[in-house]
Amino acid sequence: MQRIAMLASGRGSNLQAILDAIASGTLPAQVVGVFSDKPGAAALERVPADLRWSADPKSFASREGFDAALGDAIAAVQPDWIVCAGYLRILGDAFVERFRGRLLNIHPSLLPKFRGLRTHARCIAEGDREHGASVHFVIPELDAGTVIAQARVPVHPGDDADTLAARVLEVEHPLLIAVLRLAVAGRLAERGTNVAVDGHPLFTPLLLDSAGALRSPDAGTPL
Ligand code: GAR
């Protein structure tokens, strides 16, 4: 059974979606730890106490010191995959290199649009008609790793950042689960700055369809 470590800073709805998928038998994996930079994060409460790790970065002398402690705690649970889901602290280069190739992030925008924070408000301010979420491999540059898959939602007239965030979150959960199903089946790999699925390079991100399946935008067949 593949082992997943989760990083989260907040409420942990993506973590809960993964726990639910595992419980219902649609994701053959186990969550082996939840790691947070916010000791009070609601995400931590979603797993038994022995699976929780948290520390306040302010109690470390440096960013590198915190990252090393986090990295050691993660390495100790021997994860196959490490998933950032609402982890809002920048990961240093050494941490990323330590886990490179098995480090995934879900980001609430159609990358490369809107890297960083406040993605929903920025999307509305730009007047975009479409928004969404992306899952990508993490590289040292923020939100810049190769995108594996995306889910798209419309922006409705009258949306504010909260209504749009809620619409995006609804597709984040099936998107992340669908990517993790590929990952735990051994079908997903980071090759340099590219992504390979079933050994073939991916030239455009996979797209989540309305049935929750991932499709290549060109070929159209569900994976
Ligand atoms: C999600 O929308 C996720 O995409 C976003 O934080 C939220 C966490 O929700 N992540 C980022 O903004 C990363 N830059 P959750 O705690 O309920 O899973």
# chains A, B, ... in the order shown; residues from 1 in each chain; ligands from 1
call {"tool": "residues_near_ligand", "arguments": {"ligand": "ligand 1", "cutoff": "6 Å", "atoms": "only C-alpha atoms and all ligand atoms", "output": "ChimeraX atom specification"}}
result
/A:10-15,85-88,106-108,116-117,169
call {"tool": "residues_around", "arguments": {"residues": "range 142-145 of chain A", "least_positions_apart": "2", "cutoff": "12 Å", "atoms": "only C-alpha atoms", "output": "VMD selection string"}}
result
chain A and resid 84 87 to 93 96 100 to 101 103 to 117 119 133 to 140 147 to 149 190 to 195 205
call {"tool": "select_by_dssp", "arguments": {"residues": "range 61-207 of chain A", "states": "alpha helix (DSSP H)", "output": "compact mmCIF listing (two decimals) with N, CA, C and O atoms, in the first residue's frame"}}
result
# COMPACT_ATOMS: atom_id res chain seq x y z
N ARG A 63 14.75 29.53 8.62
CA ARG A 63 13.86 28.79 7.72
C ARG A 63 14.41 27.38 7.48
O ARG A 63 13.69 26.39 7.49
N GLU A 64 15.74 27.32 7.28
CA GLU A 64 16.37 26.03 6.99
C GLU A 64 16.19 25.07 8.18
O GLU A 64 16.00 23.87 8.00
N GLY A 65 16.26 25.64 9.38
CA GLY A 65 16.11 24.80 10.59
C GLY A 65 14.72 24.19 10.66
O GLY A 65 14.56 23.00 10.96
N PHE A 66 13.71 25.01 10.38
CA PHE A 66 12.34 24.49 10.39
C PHE A 66 12.17 23.44 9.31
O PHE A 66 11.63 22.35 9.55
N ASP A 67 12.64 23.76 8.11
CA ASP A 67 12.50 22.82 6.98
C ASP A 67 13.18 21.48 7.27
O ASP A 67 12.69 20.42 6.89
N ALA A 68 14.33 21.55 7.94
CA ALA A 68 15.07 20.31 8.24
C ALA A 68 14.28 19.46 9.25
O ALA A 68 14.19 18.23 9.10
N ALA A 69 13.69 20.12 10.25
CA ALA A 69 12.89 19.37 11.24
C ALA A 69 11.66 18.77 10.58
O ALA A 69 11.31 17.60 10.80
N LEU A 70 11.00 19.57 9.74
CA LEU A 70 9.84 19.07 9.00
C LEU A 70 10.25 17.89 8.11
O LEU A 70 9.58 16.84 8.09
N GLY A 71 11.35 18.08 7.41
CA GLY A 71 11.82 17.03 6.49
C GLY A 71 12.17 15.74 7.24
O GLY A 71 11.85 14.64 6.77
N ASP A 72 12.81 15.87 8.39
CA ASP A 72 13.17 14.67 9.15
C ASP A 72 11.90 13.95 9.64
O ASP A 72 11.84 12.71 9.62
N ALA A 73 10.91 14.74 10.06
CA ALA A 73 9.67 14.12 10.54
C ALA A 73 8.96 13.40 9.39
O ALA A 73 8.41 12.30 9.57
N ILE A 74 9.00 14.01 8.22
CA ILE A 74 8.36 13.37 7.06
C ILE A 74 9.13 12.11 6.65
O ILE A 74 8.54 11.05 6.43
N ALA A 75 10.44 12.23 6.59
CA ALA A 75 11.27 11.07 6.18
C ALA A 75 11.04 9.89 7.12
O ALA A 75 11.05 8.73 6.70
N ALA A 76 10.79 10.20 8.40
CA ALA A 76 10.63 9.13 9.40
C ALA A 76 9.41 8.25 9.11
O ALA A 76 9.38 7.09 9.51
N ASP A 93 14.62 25.48 -0.84
CA ASP A 93 15.20 24.67 -1.93
C ASP A 93 15.68 23.31 -1.43
O ASP A 93 15.49 22.29 -2.10
N ALA A 94 16.34 23.30 -0.26
CA ALA A 94 16.91 22.03 0.23
C ALA A 94 15.79 21.02 0.52
O ALA A 94 15.92 19.83 0.21
N PHE A 95 14.69 21.51 1.07
CA PHE A 95 13.56 20.62 1.35
C PHE A 95 13.01 20.05 0.04
O PHE A 95 12.76 18.85 -0.09
N VAL A 96 12.82 20.95 -0.94
CA VAL A 96 12.25 20.50 -2.21
C VAL A 96 13.17 19.47 -2.87
O VAL A 96 12.71 18.43 -3.36
N GLU A 97 14.47 19.74 -2.86
CA GLU A 97 15.40 18.78 -3.50
C GLU A 97 15.41 17.44 -2.76
O GLU A 97 15.54 16.39 -3.38
N ARG A 98 15.25 17.50 -1.44
CA ARG A 98 15.25 16.25 -0.65
C ARG A 98 14.12 15.31 -1.07
O ARG A 98 14.29 14.09 -1.06
N PHE A 99 12.96 15.90 -1.43
CA PHE A 99 11.80 15.07 -1.73
C PHE A 99 11.36 15.16 -3.18
O PHE A 99 10.27 14.70 -3.55
N THR A 119 -5.66 34.04 -5.20
CA THR A 119 -5.87 33.71 -6.61
C THR A 119 -7.29 34.05 -7.08
O THR A 119 -7.48 34.49 -8.20
N HIS A 120 -8.28 33.81 -6.20
CA HIS A 120 -9.67 34.01 -6.62
C HIS A 120 -9.97 35.50 -6.83
O HIS A 120 -10.57 35.89 -7.83
N ALA A 121 -9.53 36.33 -5.90
CA ALA A 121 -9.74 37.78 -6.03
C ALA A 121 -9.01 38.30 -7.26
O ALA A 121 -9.54 39.16 -7.99
N ARG A 122 -7.83 37.81 -7.51
CA ARG A 122 -7.07 38.29 -8.67
C ARG A 122 -7.73 37.86 -9.98
O ARG A 122 -7.76 38.62 -10.96
N CYS A 123 -8.30 36.67 -9.98
CA CYS A 123 -9.01 36.19 -11.18
C CYS A 123 -10.21 37.08 -11.49
O CYS A 123 -10.43 37.46 -12.65
N ILE A 124 -10.97 37.43 -10.45
CA ILE A 124 -12.13 38.30 -10.65
C ILE A 124 -11.66 39.69 -11.11
O ILE A 124 -12.22 40.27 -12.06
N ALA A 125 -10.61 40.20 -10.49
CA ALA A 125 -10.10 41.53 -10.85
C ALA A 125 -9.65 41.58 -12.31
O ALA A 125 -9.79 42.60 -12.97
N GLU A 126 -9.15 40.46 -12.81
CA GLU A 126 -8.69 40.41 -14.21
C GLU A 126 -9.86 40.28 -15.19
O GLU A 126 -9.67 40.39 -16.40
N ALA A 161 -14.78 36.67 -4.29
CA ALA A 161 -13.69 35.70 -4.08
C ALA A 161 -14.21 34.46 -3.34
O ALA A 161 -13.76 33.34 -3.61
N ASP A 162 -15.18 34.65 -2.43
CA ASP A 162 -15.66 33.51 -1.64
C ASP A 162 -16.51 32.55 -2.46
O ASP A 162 -16.36 31.33 -2.35
N THR A 163 -17.41 33.08 -3.29
CA THR A 163 -18.27 32.19 -4.09
C THR A 163 -17.40 31.45 -5.11
O THR A 163 -17.60 30.26 -5.38
N LEU A 164 -16.42 32.16 -5.65
CA LEU A 164 -15.55 31.52 -6.64
C LEU A 164 -14.65 30.46 -5.97
O LEU A 164 -14.47 29.36 -6.49
N ALA A 165 -14.14 30.78 -4.78
CA ALA A 165 -13.30 29.81 -4.05
C ALA A 165 -14.09 28.53 -3.76
O ALA A 165 -13.56 27.42 -3.87
N ALA A 166 -15.36 28.69 -3.41
CA ALA A 166 -16.17 27.52 -3.08
C ALA A 166 -16.37 26.64 -4.32
O ALA A 166 -16.33 25.41 -4.24
N ARG A 167 -16.57 27.29 -5.49
CA ARG A 167 -16.76 26.52 -6.73
C ARG A 167 -15.46 25.79 -7.10
O ARG A 167 -15.49 24.64 -7.55
N VAL A 168 -14.35 26.45 -6.90
CA VAL A 168 -13.05 25.81 -7.20
C VAL A 168 -12.80 24.65 -6.24
O VAL A 168 -12.36 23.57 -6.65
N LEU A 169 -13.11 24.86 -4.96
CA LEU A 169 -12.82 23.81 -3.97
C LEU A 169 -13.57 22.52 -4.30
O LEU A 169 -13.04 21.42 -4.11
N GLU A 170 -14.78 22.66 -4.83
CA GLU A 170 -15.57 21.47 -5.21
C GLU A 170 -14.85 20.61 -6.25
O GLU A 170 -15.04 19.40 -6.27
N VAL A 171 -14.09 21.24 -7.12
CA VAL A 171 -13.35 20.45 -8.12
C VAL A 171 -11.95 20.08 -7.65
O VAL A 171 -11.33 19.17 -8.20
N GLU A 172 -11.46 20.81 -6.65
CA GLU A 172 -10.12 20.46 -6.13
C GLU A 172 -10.10 19.04 -5.59
O GLU A 172 -9.15 18.28 -5.80
N HIS A 173 -11.15 18.69 -4.86
CA HIS A 173 -11.14 17.38 -4.20
C HIS A 173 -11.07 16.23 -5.21
O HIS A 173 -10.17 15.39 -5.11
N PRO A 174 -11.99 16.16 -6.20
CA PRO A 174 -11.86 15.07 -7.17
C PRO A 174 -10.58 15.16 -8.01
O PRO A 174 -10.03 14.14 -8.41
N LEU A 175 -10.10 16.38 -8.26
CA LEU A 175 -8.85 16.53 -9.03
C LEU A 175 -7.67 15.91 -8.28
O LEU A 175 -6.90 15.13 -8.85
N LEU A 176 -7.55 16.25 -7.01
CA LEU A 176 -6.42 15.74 -6.24
C LEU A 176 -6.50 14.22 -6.10
O LEU A 176 -5.50 13.51 -6.24
N ILE A 177 -7.70 13.71 -5.87
CA ILE A 177 -7.85 12.25 -5.74
C ILE A 177 -7.50 11.56 -7.05
O ILE A 177 -6.81 10.53 -7.06
N ALA A 178 -7.94 12.13 -8.17
CA ALA A 178 -7.66 11.50 -9.47
C ALA A 178 -6.16 11.46 -9.73
O ALA A 178 -5.63 10.45 -10.22
N VAL A 179 -5.45 12.55 -9.40
CA VAL A 179 -3.99 12.55 -9.60
C VAL A 179 -3.33 11.54 -8.66
O VAL A 179 -2.42 10.80 -9.06
N LEU A 180 -3.80 11.48 -7.44
CA LEU A 180 -3.19 10.53 -6.50
C LEU A 180 -3.45 9.09 -6.91
O LEU A 180 -2.62 8.22 -6.66
N ARG A 181 -4.58 8.84 -7.54
CA ARG A 181 -4.83 7.46 -8.03
C ARG A 181 -3.77 7.07 -9.06
O ARG A 181 -3.28 5.94 -9.07
N LEU A 182 -3.44 8.03 -9.95
CA LEU A 182 -2.35 7.75 -10.91
C LEU A 182 -1.03 7.54 -10.18
O LEU A 182 -0.26 6.64 -10.51
N ALA A 183 -0.79 8.41 -9.19
CA ALA A 183 0.50 8.36 -8.49
C ALA A 183 0.68 7.03 -7.77
O ALA A 183 1.71 6.36 -7.92
N VAL A 184 -0.34 6.62 -7.00
CA VAL A 184 -0.17 5.40 -6.19
C VAL A 184 -0.18 4.15 -7.06
O VAL A 184 0.27 3.08 -6.63
call {"tool": "residues_around", "arguments": {"residues": "Leu214 in chain A", "least_positions_apart": "6", "cutoff": "7 Å", "atoms": "only C-alpha atoms", "output": "ChimeraX atom specification"}}
result
/A:178,206-208,222-223
call {"tool": "select_by_dssp", "arguments": {"residues": "chain A", "states": "strand (DSSP E)", "output": "JSON, numbers by chain"}}
result
{"A": [2, 3, 4, 5, 6, 7, 29, 30, 31, 32, 33, 34, 35, 36, 52, 53, 54, 81, 82, 83, 84, 85, 103, 104, 105, 106, 107, 130, 131, 132, 133, 134, 135, 136, 137, 147, 148, 149, 150, 151, 152, 153, 154, 188, 189, 190, 191, 194, 195, 196, 197, 200, 201, 206, 207, 208, 214, 215]}
call {"tool": "atom_distance", "arguments": {"atom1": "CA of Ala21 in chain A", "atom2": "CA of Arg187 in chain A"}}
result
18.6 Å
call {"tool": "closest_residue", "arguments": {"among": "A:Ala8, A:Ala151, A:Ile18, A:Ala211", "to": "Glu45 in chain A", "atoms": "only C-alpha atoms"}}
result
A:Ala8
call {"tool": "atom_distance", "arguments": {"atom1": "CA of His156 in chain A", "atom2": "CA of Ser210 in chain A"}}
result
18.1 Å
call {"tool": "atom_distance", "arguments": {"atom1": "CA of Gly132 in chain A", "atom2": "CA of Val32 in chain A"}}
result
28.4 Å
call {"tool": "residues_around", "arguments": {"residues": "Ala49 in chain A", "least_positions_apart": "4", "cutoff": "10 Å", "atoms": "only C-alpha atoms", "output": "list in words"}}
result
Gly33, Val34, Leu44, Glu45 and Trp53 of chain A
call {"tool": "decode", "arguments": {"residues": "range 71-157 of chain A", "atoms": "C-alpha atoms", "output": "PDB file, in the first residue's frame"}}
result
ATOM      1  CA  GLY A  71      11.820  17.028   6.495  1.00  0.00           C
ATOM      2  CA  ASP A  72      13.168  14.670   9.155  1.00  0.00           C
ATOM      3  CA  ALA A  73       9.665  14.119  10.542  1.00  0.00           C
ATOM      4  CA  ILE A  74       8.360  13.373   7.055  1.00  0.00           C
ATOM      5  CA  ALA A  75      11.270  11.074   6.176  1.00  0.00           C
ATOM      6  CA  ALA A  76      10.630   9.128   9.396  1.00  0.00           C
ATOM      7  CA  VAL A  77       7.211   7.975   8.109  1.00  0.00           C
ATOM      8  CA  GLN A  78       8.744   6.798   4.809  1.00  0.00           C
ATOM      9  CA  PRO A  79       6.177   8.263   2.430  1.00  0.00           C
ATOM     10  CA  ASP A  80       5.941   7.382  -1.251  1.00  0.00           C
ATOM     11  CA  TRP A  81       4.187  10.702  -1.925  1.00  0.00           C
ATOM     12  CA  ILE A  82       4.150  14.024  -0.093  1.00  0.00           C
ATOM     13  CA  VAL A  83       1.148  16.198  -0.848  1.00  0.00           C
ATOM     14  CA  CYS A  84       0.841  19.899  -0.055  1.00  0.00           C
ATOM     15  CA  ALA A  85      -2.863  20.699   0.283  1.00  0.00           C
ATOM     16  CA  GLY A  86      -3.330  24.190   1.618  1.00  0.00           C
ATOM     17  CA  TYR A  87       0.220  24.324   2.953  1.00  0.00           C
ATOM     18  CA  LEU A  88       0.790  28.056   2.938  1.00  0.00           C
ATOM     19  CA  ARG A  89       4.452  28.311   3.877  1.00  0.00           C
ATOM     20  CA  ILE A  90       7.153  28.455   1.223  1.00  0.00           C
ATOM     21  CA  LEU A  91       9.322  25.322   1.182  1.00  0.00           C
ATOM     22  CA  GLY A  92      13.053  26.007   0.905  1.00  0.00           C
ATOM     23  CA  ASP A  93      15.196  24.670  -1.926  1.00  0.00           C
ATOM     24  CA  ALA A  94      16.907  22.029   0.234  1.00  0.00           C
ATOM     25  CA  PHE A  95      13.556  20.619   1.350  1.00  0.00           C
ATOM     26  CA  VAL A  96      12.250  20.503  -2.214  1.00  0.00           C
ATOM     27  CA  GLU A  97      15.396  18.783  -3.497  1.00  0.00           C
ATOM     28  CA  ARG A  98      15.254  16.253  -0.649  1.00  0.00           C
ATOM     29  CA  PHE A  99      11.798  15.067  -1.730  1.00  0.00           C
ATOM     30  CA  ARG A 100      11.846  16.054  -5.399  1.00  0.00           C
ATOM     31  CA  GLY A 101       9.843  13.747  -7.660  1.00  0.00           C
ATOM     32  CA  ARG A 102       7.366  12.723  -4.989  1.00  0.00           C
ATOM     33  CA  LEU A 103       6.300  16.189  -3.840  1.00  0.00           C
ATOM     34  CA  LEU A 104       2.925  17.395  -5.156  1.00  0.00           C
ATOM     35  CA  ASN A 105       0.949  20.599  -4.592  1.00  0.00           C
ATOM     36  CA  ILE A 106      -2.607  21.620  -5.309  1.00  0.00           C
ATOM     37  CA  HIS A 107      -2.952  25.268  -6.244  1.00  0.00           C
ATOM     38  CA  PRO A 108      -6.228  27.169  -6.682  1.00  0.00           C
ATOM     39  CA  SER A 109      -5.727  28.576 -10.170  1.00  0.00           C
ATOM     40  CA  LEU A 110      -5.185  27.496 -13.746  1.00  0.00           C
ATOM     41  CA  LEU A 111      -1.398  27.714 -13.601  1.00  0.00           C
ATOM     42  CA  PRO A 112       0.646  29.445 -14.933  1.00  0.00           C
ATOM     43  CA  LYS A 113      -1.987  32.082 -14.145  1.00  0.00           C
ATOM     44  CA  PHE A 114      -2.079  33.442 -10.607  1.00  0.00           C
ATOM     45  CA  ARG A 115       0.860  31.919  -8.808  1.00  0.00           C
ATOM     46  CA  GLY A 116       0.989  32.843  -5.126  1.00  0.00           C
ATOM     47  CA  LEU A 117      -1.881  33.953  -2.898  1.00  0.00           C
ATOM     48  CA  ARG A 118      -5.353  35.562  -3.337  1.00  0.00           C
ATOM     49  CA  THR A 119      -5.871  33.714  -6.610  1.00  0.00           C
ATOM     50  CA  HIS A 120      -9.675  34.009  -6.624  1.00  0.00           C
ATOM     51  CA  ALA A 121      -9.737  37.775  -6.031  1.00  0.00           C
ATOM     52  CA  ARG A 122      -7.066  38.290  -8.670  1.00  0.00           C
ATOM     53  CA  CYS A 123      -9.008  36.188 -11.181  1.00  0.00           C
ATOM     54  CA  ILE A 124     -12.129  38.298 -10.652  1.00  0.00           C
ATOM     55  CA  ALA A 125     -10.103  41.531 -10.849  1.00  0.00           C
ATOM     56  CA  GLU A 126      -8.694  40.413 -14.214  1.00  0.00           C
ATOM     57  CA  GLY A 127     -12.191  39.752 -15.559  1.00  0.00           C
ATOM     58  CA  ASP A 128     -11.406  36.127 -16.465  1.00  0.00           C
ATOM     59  CA  ARG A 129     -14.376  33.981 -17.501  1.00  0.00           C
ATOM     60  CA  GLU A 130     -12.734  30.759 -16.360  1.00  0.00           C
ATOM     61  CA  HIS A 131     -10.808  29.704 -13.267  1.00  0.00           C
ATOM     62  CA  GLY A 132      -9.847  26.426 -11.635  1.00  0.00           C
ATOM     63  CA  ALA A 133      -7.230  24.390  -9.857  1.00  0.00           C
ATOM     64  CA  SER A 134      -3.954  22.700 -10.777  1.00  0.00           C
ATOM     65  CA  VAL A 135      -1.930  19.834  -9.325  1.00  0.00           C
ATOM     66  CA  HIS A 136       1.781  20.039 -10.041  1.00  0.00           C
ATOM     67  CA  PHE A 137       5.126  18.661  -9.007  1.00  0.00           C
ATOM     68  CA  VAL A 138       6.845  21.046  -6.607  1.00  0.00           C
ATOM     69  CA  ILE A 139      10.103  22.656  -7.708  1.00  0.00           C
ATOM     70  CA  PRO A 140      12.073  25.317  -5.834  1.00  0.00           C
ATOM     71  CA  GLU A 141      10.386  28.169  -7.734  1.00  0.00           C
ATOM     72  CA  LEU A 142       6.972  28.924  -6.191  1.00  0.00           C
ATOM     73  CA  ASP A 143       3.965  27.358  -7.973  1.00  0.00           C
ATOM     74  CA  ALA A 144       6.102  26.856 -11.079  1.00  0.00           C
ATOM     75  CA  GLY A 145       6.504  23.066 -11.286  1.00  0.00           C
ATOM     76  CA  THR A 146       5.140  21.166 -14.255  1.00  0.00           C
ATOM     77  CA  VAL A 147       1.366  20.897 -14.112  1.00  0.00           C
ATOM     78  CA  ILE A 148       0.010  17.353 -14.103  1.00  0.00           C
ATOM     79  CA  ALA A 149      -3.710  18.036 -14.233  1.00  0.00           C
ATOM     80  CA  GLN A 150      -6.251  20.813 -13.999  1.00  0.00           C
ATOM     81  CA  ALA A 151      -9.945  21.274 -13.322  1.00  0.00           C
ATOM     82  CA  ARG A 152     -11.803  24.228 -14.785  1.00  0.00           C
ATOM     83  CA  VAL A 153     -14.826  26.132 -13.501  1.00  0.00           C
ATOM     84  CA  PRO A 154     -16.709  29.104 -14.945  1.00  0.00           C
ATOM     85  CA  VAL A 155     -16.580  32.522 -13.301  1.00  0.00           C
ATOM     86  CA  HIS A 156     -20.156  33.761 -12.925  1.00  0.00           C
ATOM     87  CA  PRO A 157     -21.202  37.414 -13.077  1.00  0.00           C
TER      88      PRO A 157
END
